[in-house]
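Encoded as C-alpha cells, the structure appears first; notes follow it.
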Amino acid sequence: MSLVVYNTITRKKEEFKSINEGAVGMYVCGPTVYGYPHLGHAKSYVSFDIIYRYLCYLGYKVKYVQNITDVGHLVGDRESGDDKIQKQALIEKIDPVEIAYKYETIYFENMDALNVKRPTISCRATGHIIEIIDMVKTLIDKGYAYVTDKGNVYYRVNMFPKYGSLKNINLEENLSGERIEVASDKERNEDFALWKKAEDNHLMKWPSPWGLGYPGWHIECSVMSKKYLGKTFDIHGGGMDNIFPHHECEIAQSEIANDAPFVNYFIHNNLVTVNGQKMGKSLGNFITLPDLFKDYDPIIVRFYILQNHYRKPTDFNKGQLNTTSEIYKKLSETINRLYSETKDIETDNFTYDEEIQTIKDNFLNAMNDDFNTSLAISYILESSKLINKELNGDKNKDKLLSLKNFIQECACEILGLKFNTSNASKENELIEIISNIRNKMREEKNYELSDKIRDDLKSIGITLNDRK
RNA sequence: GGACCUAUAGCCAAGUGGUAAGGCACGGGACUGCAACUCCCUGAUCGUUGGUUCAAAUCCGACUAGGUCCUCCA
C-alpha cells in the first residue's frame, strides 16, 4: 500500500508522488516569535514532525524548510495596527531583535522537549530582505503589484483569478460588501501588502527602492520556499487558520513571480480548542508550553496530540491529559521491561514473528492512510499487551526481538515516542536493593514490615510491581 | 450573509458501501499473604429525519447542535 495524503487543494485524499523520485521538498510555516509557544503550536509542529519522520522512514530524502517570522506584521494593512514584535519589545523594554531571538530560542527548546526534529533548514525572514525586495520588484514589473504615493506596495488581487480557490472563497460575495477603508491607499480593498513603508516610530526597517520599510506578511514564505526548494515543490504545510489569506497570497505571489505552479500538496493541521473554542493568542485562552510542561512530561503532551488525527481538532482537557499520562506510564513500564529483559539477547539473527509482522503491517497501513496516528497508536497498545504476555510466559526469543524491533521502528522512530529505557541510575539500583530485601521479608512472612516498605515507597511515587 | 468542517458507548477515539478498532472508567474472573501490576471476559446500530442501494455510521437531501474561515493567529 502506498502513501495517501489529504490535499487541501483538491479537498481529497490523493496518492503521494514526489516531483523527484526519492526526494521530497517540504515547507511548513513557522512561528512568529513574539511570545511563548502554546499547545496549538505543539499540535502543528508535532503533526508535521510525524509527516517528516514518516517520509524519512519510507526512504525519501526530505528537505524540510521552516521559517522563523522575526519581522512583526501589522494587524491587517491598517496604518493604526500594531507590530506584534515591536509591541512586545516595548513591553519588555528590549530591542525587537532581542525579542525575536529570545522567543525563537524558547520555541526550539520547547520543540526539542516534544521530541520534534529540527527542520533541515530553519530560515529567518530578516535574513532574506534582499530576495524579498527582488520578488516584489518582479511582481511590480509584471504589473501584478503597484507602489502607492505613501510608499506601500500592494498586490493586485483581481489580476489573479485563482485567488480564493484554496479556501473556496468568492471575493465578490465576501469582500465587496465590506466597508472600504477610508484611509487606505489601496486600489481595491482585497489587495494585500507586499511592502510597507515604515513610520518614524517603527523600529525594524530596511532601505528599499520604495523607501525605508519592511516586508508584508506573506512574501517571506514565497521567497524562502523558492530559495531553498525551488519554484515548484512537493508539500506545503501549516495550520488550517493559515489557509486564508496567508497561503492564498503565497500562491498568488509565487505563481506569478515564478511562472510556475507553486505546490503540489497543501497539508493543513486542525486546531486546538479549549472548551470547544479555538485556542488562540488573540483570544487569550491559550495554554503555553512552558506552563503545561510544569505539570506534564512533554512526551506525554506529544502522545496526547498523536492520539487525535492531525486533521481533527484537539479539545484541551486536563482529565483526558491525566488519563493519557497514566496510559503512557504503563506503556513505558512495559517497554522498559522489554528492553531490560532483552538487552543480553543476541540480536543478529532472529525470525520476525508472524503475528507481530501483521501488527507492524497494520501500523504502517494506518500511517499510509494520511498519517492516521490515532489508529497507529492502537497497534502500539496492542503490542504492549503481547509484550506483557510474552514476558510473563514463554519469553520466546523471536517474539521478544520482533516486538523490540516493532517498538523501536514504529513507536520510537516514526511516532517519536521516548521511553525511559536506561536502568543504570543509582536510584534504580537502590530500589532494586530495597526490593530484594523486602522480598526476603515476604518469604519470611514478615508482611507488616514489607507492606510498610511498599507503602512508604508508594508515598514518594515509587510503585513496586511484585512478580512471581 | 458567504464558504467549509464536525456530530460514533460514561469519557477519549478509529472506521467512507457489506452488518461497529483501540484505550480509559465501571463490573466479573485468574494471579497475590493482602494489594498493586499483569492477563481473560463484559458495553454502542453510529445527532434527528427522509432518500439511493440487495446492503449505509459510511453516498445524497433536509433539520438540529457545535466549530472554523471571510482581520493577525499553528
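Labels for the C-alpha cells follow display order: chains A, B, ..., residues from 1 in each chain, ligands from 1.
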Skipping near chain neighbours, those fewer than 6 positions away, what residues fall within 8 Å of His236 in chain A using only C-alpha atoms (C1' of nucleotides), listed as a VMD selection string? chain A and resid 26 to 28 263 265 to 267
File of the preceding selection, C-alpha atoms, as a compact mmCIF listing (two decimals), in the first residue's frame:
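Output saved as again.txt:
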```txt
# COMPACT_ATOMS: atom_id res chain seq x y z
CA MET A 26 8.55 20.36 2.26
CA TYR A 27 7.88 23.84 3.60
CA VAL A 28 5.98 24.47 6.80
CA VAL A 263 2.97 23.47 -4.61
CA TYR A 265 0.21 19.14 -1.91
CA PHE A 266 -1.06 21.57 0.68
CA ILE A 267 -1.43 19.90 4.06
```
Quick one: which residues from chain A are at most 7 Å off chain B, using only C-alpha atoms (C1' of nucleotides), as an NGL selection string? :A and (40-41 or 44 or 75-76 or 168-169 or 173-174 or 238-239 or 280-282 or 320 or 323 or 374-375 or 378 or 388 or 465)
Please report, as an MDAnalysis selection string, each residue of range 247-465 of chain A to which DSSP assigns alpha helix (DSSP H) when run on this structure's backbone. chainID A and resid 248:258 289:295 298:306 318:342 354:368 373:392 397:406 426:443 447:459
Write out as a ChimeraX atom specification the set of residues from range 3-251 of chain A that DSSP, computed on the backbone, places in strand (DSSP E or B). /A:4-7,12-15,23-28,32,38,61-69,121-124,145-147,153-155,192-197,206,213-215,233-239
Now that the selection is made, can you save its residues with C-alpha atoms as a PDB file, in the first residue's frame?
```
ATOM      1  CA  VAL A   4      -2.081   8.639   0.661  1.00  0.00           C
ATOM      2  CA  VAL A   5      -2.358  12.242   1.847  1.00  0.00           C
ATOM      3  CA  TYR A   6      -5.215  14.687   2.102  1.00  0.00           C
ATOM      4  CA  ASN A   7      -4.584  17.610  -0.200  1.00  0.00           C
ATOM      5  CA  LYS A  12      -9.406  14.846  -1.357  1.00  0.00           C
ATOM      6  CA  LYS A  13      -7.049  12.131  -0.302  1.00  0.00           C
ATOM      7  CA  GLU A  14      -4.515  11.526  -3.048  1.00  0.00           C
ATOM      8  CA  GLU A  15      -1.701   9.101  -3.609  1.00  0.00           C
ATOM      9  CA  ALA A  23      13.275  13.131  -2.613  1.00  0.00           C
ATOM     10  CA  VAL A  24      10.717  15.434  -1.038  1.00  0.00           C
ATOM     11  CA  GLY A  25      10.718  19.192  -0.608  1.00  0.00           C
ATOM     12  CA  MET A  26       8.553  20.362   2.263  1.00  0.00           C
ATOM     13  CA  TYR A  27       7.883  23.840   3.597  1.00  0.00           C
ATOM     14  CA  VAL A  28       5.975  24.466   6.802  1.00  0.00           C
ATOM     15  CA  THR A  32       6.104  34.433  14.637  1.00  0.00           C
ATOM     16  CA  HIS A  38       1.296  27.230  23.097  1.00  0.00           C
ATOM     17  CA  LYS A  61      15.490  12.236   1.290  1.00  0.00           C
ATOM     18  CA  VAL A  62      13.489  15.088   2.775  1.00  0.00           C
ATOM     19  CA  LYS A  63      14.436  18.731   2.645  1.00  0.00           C
ATOM     20  CA  TYR A  64      12.293  20.256   5.356  1.00  0.00           C
ATOM     21  CA  VAL A  65      12.267  24.046   5.408  1.00  0.00           C
ATOM     22  CA  GLN A  66      10.645  26.029   8.150  1.00  0.00           C
ATOM     23  CA  ASN A  67      10.739  29.786   8.538  1.00  0.00           C
ATOM     24  CA  ILE A  68      11.040  31.899  11.638  1.00  0.00           C
ATOM     25  CA  THR A  69       8.985  35.048  11.262  1.00  0.00           C
ATOM     26  CA  ILE A 121      16.695  24.330   7.056  1.00  0.00           C
ATOM     27  CA  SER A 122      15.429  26.919   9.518  1.00  0.00           C
ATOM     28  CA  CYS A 123      15.414  30.372   7.975  1.00  0.00           C
ATOM     29  CA  ARG A 124      14.576  33.840   9.216  1.00  0.00           C
ATOM     30  CA  ALA A 145       1.790  44.919  -7.928  1.00  0.00           C
ATOM     31  CA  TYR A 146       1.764  48.683  -7.571  1.00  0.00           C
ATOM     32  CA  VAL A 147       3.513  51.323  -5.497  1.00  0.00           C
ATOM     33  CA  VAL A 153       3.424  48.150  -2.345  1.00  0.00           C
ATOM     34  CA  TYR A 154       0.281  46.067  -2.850  1.00  0.00           C
ATOM     35  CA  TYR A 155      -0.650  43.008  -4.883  1.00  0.00           C
ATOM     36  CA  PHE A 192      -2.658  42.752   0.231  1.00  0.00           C
ATOM     37  CA  ALA A 193       0.646  44.361   1.194  1.00  0.00           C
ATOM     38  CA  LEU A 194       3.966  43.193  -0.210  1.00  0.00           C
ATOM     39  CA  TRP A 195       5.996  46.006   1.306  1.00  0.00           C
ATOM     40  CA  LYS A 196       5.056  48.572   3.901  1.00  0.00           C
ATOM     41  CA  LYS A 197       6.583  51.968   4.426  1.00  0.00           C
ATOM     42  CA  TRP A 206      15.171  48.296   5.768  1.00  0.00           C
ATOM     43  CA  GLY A 213      10.131  49.939   5.126  1.00  0.00           C
ATOM     44  CA  TYR A 214       9.524  46.311   5.950  1.00  0.00           C
ATOM     45  CA  PRO A 215       8.029  43.283   4.177  1.00  0.00           C
ATOM     46  CA  PHE A 233       7.867  21.799  -4.624  1.00  0.00           C
ATOM     47  CA  ASP A 234       6.045  18.874  -3.067  1.00  0.00           C
ATOM     48  CA  ILE A 235       4.452  19.745   0.253  1.00  0.00           C
ATOM     49  CA  HIS A 236       3.468  22.993   1.888  1.00  0.00           C
ATOM     50  CA  GLY A 237       2.104  22.748   5.403  1.00  0.00           C
ATOM     51  CA  GLY A 238       0.721  24.886   8.175  1.00  0.00           C
ATOM     52  CA  GLY A 239      -2.205  25.385  10.472  1.00  0.00           C
TER      53      GLY A 239
END
```
Name the residues in contact with U53 in chain B at a cut-off of 9 Å, using only C-alpha atoms (C1' of nucleotides), excluding same-chain residues fewer than 2 positions from it; report them as a PyMOL selection string. chain B and resi 17+55-56
For CA of Asn115 in chain A and CA of Asn264 in chain A, the interatomic separation in Å (one decimal):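 Spanning CA of Asn115 in chain A to CA of Asn264 in chain A is a straight-line distance of 27.9 Å.
Atom pair CA of Asn270 in chain A / CA of Leu3 in chain A: separated by 20.2 Å.
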Which residue gives the smallest distance to Lys385 in chain A among A:Thr358, A:Asn110, A:Thr334, A:Gln277, with only C-alpha atoms counted?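 Once distances to Lys385 in chain A are computed over only C-alpha atoms, the minimum belongs to A:Thr334.
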Using only C-alpha atoms, which of the listed residues (A:Asn336, A:Asn170, A:Asn349, A:Thr463) sits closest to Gln408 in chain A? A:Asn336
Neighbouring residues of A9 in chain B were defined as those with any atom within 10 Å, considering only C-alpha atoms (C1' of nucleotides); residues of the same chain fewer than 2 positions away were excluded. Please report them as a PDB file with all heavy atoms, in the first residue's frame.
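File written: part33.pdb
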```pdb
ATOM      1  P     C B  11     -20.298  10.606  27.226  1.00  0.00           P
ATOM      2  OP1   C B  11     -20.754  11.974  26.940  1.00  0.00           O
ATOM      3  OP2   C B  11     -20.501   9.535  26.222  1.00  0.00           O
ATOM      4  O5'   C B  11     -18.763  10.656  27.587  1.00  0.00           O
ATOM      5  C5'   C B  11     -18.240  11.673  28.433  1.00  0.00           C
ATOM      6  C4'   C B  11     -16.741  11.508  28.566  1.00  0.00           C
ATOM      7  O4'   C B  11     -16.452  10.206  29.142  1.00  0.00           O
ATOM      8  C3'   C B  11     -15.981  11.496  27.248  1.00  0.00           C
ATOM      9  O3'   C B  11     -15.729  12.803  26.782  1.00  0.00           O
ATOM     10  C2'   C B  11     -14.697  10.773  27.647  1.00  0.00           C
ATOM     11  O2'   C B  11     -13.811  11.601  28.350  1.00  0.00           O
ATOM     12  C1'   C B  11     -15.243   9.697  28.587  1.00  0.00           C
ATOM     13  N1    C B  11     -15.536   8.434  27.876  1.00  0.00           N
ATOM     14  C2    C B  11     -14.454   7.602  27.523  1.00  0.00           C
ATOM     15  O2    C B  11     -13.313   7.965  27.819  1.00  0.00           O
ATOM     16  N3    C B  11     -14.696   6.445  26.870  1.00  0.00           N
ATOM     17  C4    C B  11     -15.951   6.102  26.567  1.00  0.00           C
ATOM     18  N4    C B  11     -16.140   4.942  25.933  1.00  0.00           N
ATOM     19  C5    C B  11     -17.062   6.926  26.906  1.00  0.00           C
ATOM     20  C6    C B  11     -16.817   8.075  27.558  1.00  0.00           C
ATOM     21  P     G B  43     -20.491  -7.520  25.497  1.00  0.00           P
ATOM     22  OP1   G B  43     -21.619  -8.109  24.764  1.00  0.00           O
ATOM     23  OP2   G B  43     -19.128  -7.537  24.912  1.00  0.00           O
ATOM     24  O5'   G B  43     -20.870  -6.037  25.859  1.00  0.00           O
ATOM     25  C5'   G B  43     -22.094  -5.763  26.552  1.00  0.00           C
ATOM     26  C4'   G B  43     -22.239  -4.292  26.697  1.00  0.00           C
ATOM     27  O4'   G B  43     -21.060  -3.755  27.324  1.00  0.00           O
ATOM     28  C3'   G B  43     -22.327  -3.524  25.377  1.00  0.00           C
ATOM     29  O3'   G B  43     -23.652  -3.527  24.887  1.00  0.00           O
ATOM     30  C2'   G B  43     -21.903  -2.124  25.809  1.00  0.00           C
ATOM     31  O2'   G B  43     -22.951  -1.431  26.450  1.00  0.00           O
ATOM     32  C1'   G B  43     -20.812  -2.449  26.829  1.00  0.00           C
ATOM     33  N9    G B  43     -19.463  -2.423  26.243  1.00  0.00           N
ATOM     34  C8    G B  43     -18.823  -3.429  25.569  1.00  0.00           C
ATOM     35  N7    G B  43     -17.626  -3.098  25.162  1.00  0.00           N
ATOM     36  C5    G B  43     -17.477  -1.787  25.590  1.00  0.00           C
ATOM     37  C6    G B  43     -16.391  -0.888  25.447  1.00  0.00           C
ATOM     38  O6    G B  43     -15.307  -1.088  24.884  1.00  0.00           O
ATOM     39  N1    G B  43     -16.674   0.339  26.030  1.00  0.00           N
ATOM     40  C2    G B  43     -17.832   0.668  26.674  1.00  0.00           C
ATOM     41  N2    G B  43     -17.911   1.894  27.165  1.00  0.00           N
ATOM     42  N3    G B  43     -18.852  -0.165  26.828  1.00  0.00           N
ATOM     43  C4    G B  43     -18.607  -1.353  26.266  1.00  0.00           C
ATOM     44  P     A B  44     -23.952  -3.593  23.338  1.00  0.00           P
ATOM     45  OP1   A B  44     -25.363  -3.978  23.162  1.00  0.00           O
ATOM     46  OP2   A B  44     -22.864  -4.365  22.679  1.00  0.00           O
ATOM     47  O5'   A B  44     -23.797  -2.077  22.921  1.00  0.00           O
ATOM     48  C5'   A B  44     -24.559  -1.069  23.585  1.00  0.00           C
ATOM     49  C4'   A B  44     -24.430   0.221  22.838  1.00  0.00           C
ATOM     50  O4'   A B  44     -23.033   0.531  22.653  1.00  0.00           O
ATOM     51  C3'   A B  44     -24.995   0.207  21.423  1.00  0.00           C
ATOM     52  O3'   A B  44     -26.370   0.525  21.472  1.00  0.00           O
ATOM     53  C2'   A B  44     -24.224   1.336  20.745  1.00  0.00           C
ATOM     54  O2'   A B  44     -24.835   2.588  20.971  1.00  0.00           O
ATOM     55  C1'   A B  44     -22.880   1.300  21.475  1.00  0.00           C
ATOM     56  N9    A B  44     -21.785   0.728  20.686  1.00  0.00           N
ATOM     57  C8    A B  44     -21.656  -0.526  20.176  1.00  0.00           C
ATOM     58  N7    A B  44     -20.538  -0.722  19.529  1.00  0.00           N
ATOM     59  C5    A B  44     -19.879   0.492  19.609  1.00  0.00           C
ATOM     60  C6    A B  44     -18.642   0.941  19.119  1.00  0.00           C
ATOM     61  N6    A B  44     -17.808   0.185  18.421  1.00  0.00           N
ATOM     62  N1    A B  44     -18.294   2.217  19.382  1.00  0.00           N
ATOM     63  C2    A B  44     -19.147   2.978  20.087  1.00  0.00           C
ATOM     64  N3    A B  44     -20.334   2.664  20.614  1.00  0.00           N
ATOM     65  C4    A B  44     -20.638   1.407  20.322  1.00  0.00           C
ATOM     66  P     C B  46     -28.069   4.448  15.130  1.00  0.00           P
ATOM     67  OP1   C B  46     -29.312   5.149  15.378  1.00  0.00           O
ATOM     68  OP2   C B  46     -27.896   3.646  13.912  1.00  0.00           O
ATOM     69  O5'   C B  46     -26.882   5.527  15.099  1.00  0.00           O
ATOM     70  C5'   C B  46     -26.329   6.103  16.288  1.00  0.00           C
ATOM     71  C4'   C B  46     -24.878   6.386  16.012  1.00  0.00           C
ATOM     72  O4'   C B  46     -24.226   5.121  15.826  1.00  0.00           O
ATOM     73  C3'   C B  46     -24.642   7.194  14.739  1.00  0.00           C
ATOM     74  O3'   C B  46     -24.211   8.488  15.166  1.00  0.00           O
ATOM     75  C2'   C B  46     -23.535   6.472  13.989  1.00  0.00           C
ATOM     76  O2'   C B  46     -22.367   7.245  13.871  1.00  0.00           O
ATOM     77  C1'   C B  46     -23.213   5.258  14.867  1.00  0.00           C
ATOM     78  N1    C B  46     -22.998   3.949  14.218  1.00  0.00           N
ATOM     79  C2    C B  46     -21.708   3.666  13.755  1.00  0.00           C
ATOM     80  O2    C B  46     -20.839   4.536  13.858  1.00  0.00           O
ATOM     81  N3    C B  46     -21.470   2.456  13.219  1.00  0.00           N
ATOM     82  C4    C B  46     -22.443   1.551  13.142  1.00  0.00           C
ATOM     83  N4    C B  46     -22.151   0.356  12.640  1.00  0.00           N
ATOM     84  C5    C B  46     -23.767   1.823  13.589  1.00  0.00           C
ATOM     85  C6    C B  46     -24.000   3.029  14.117  1.00  0.00           C
TER      86        C B  46
END
```
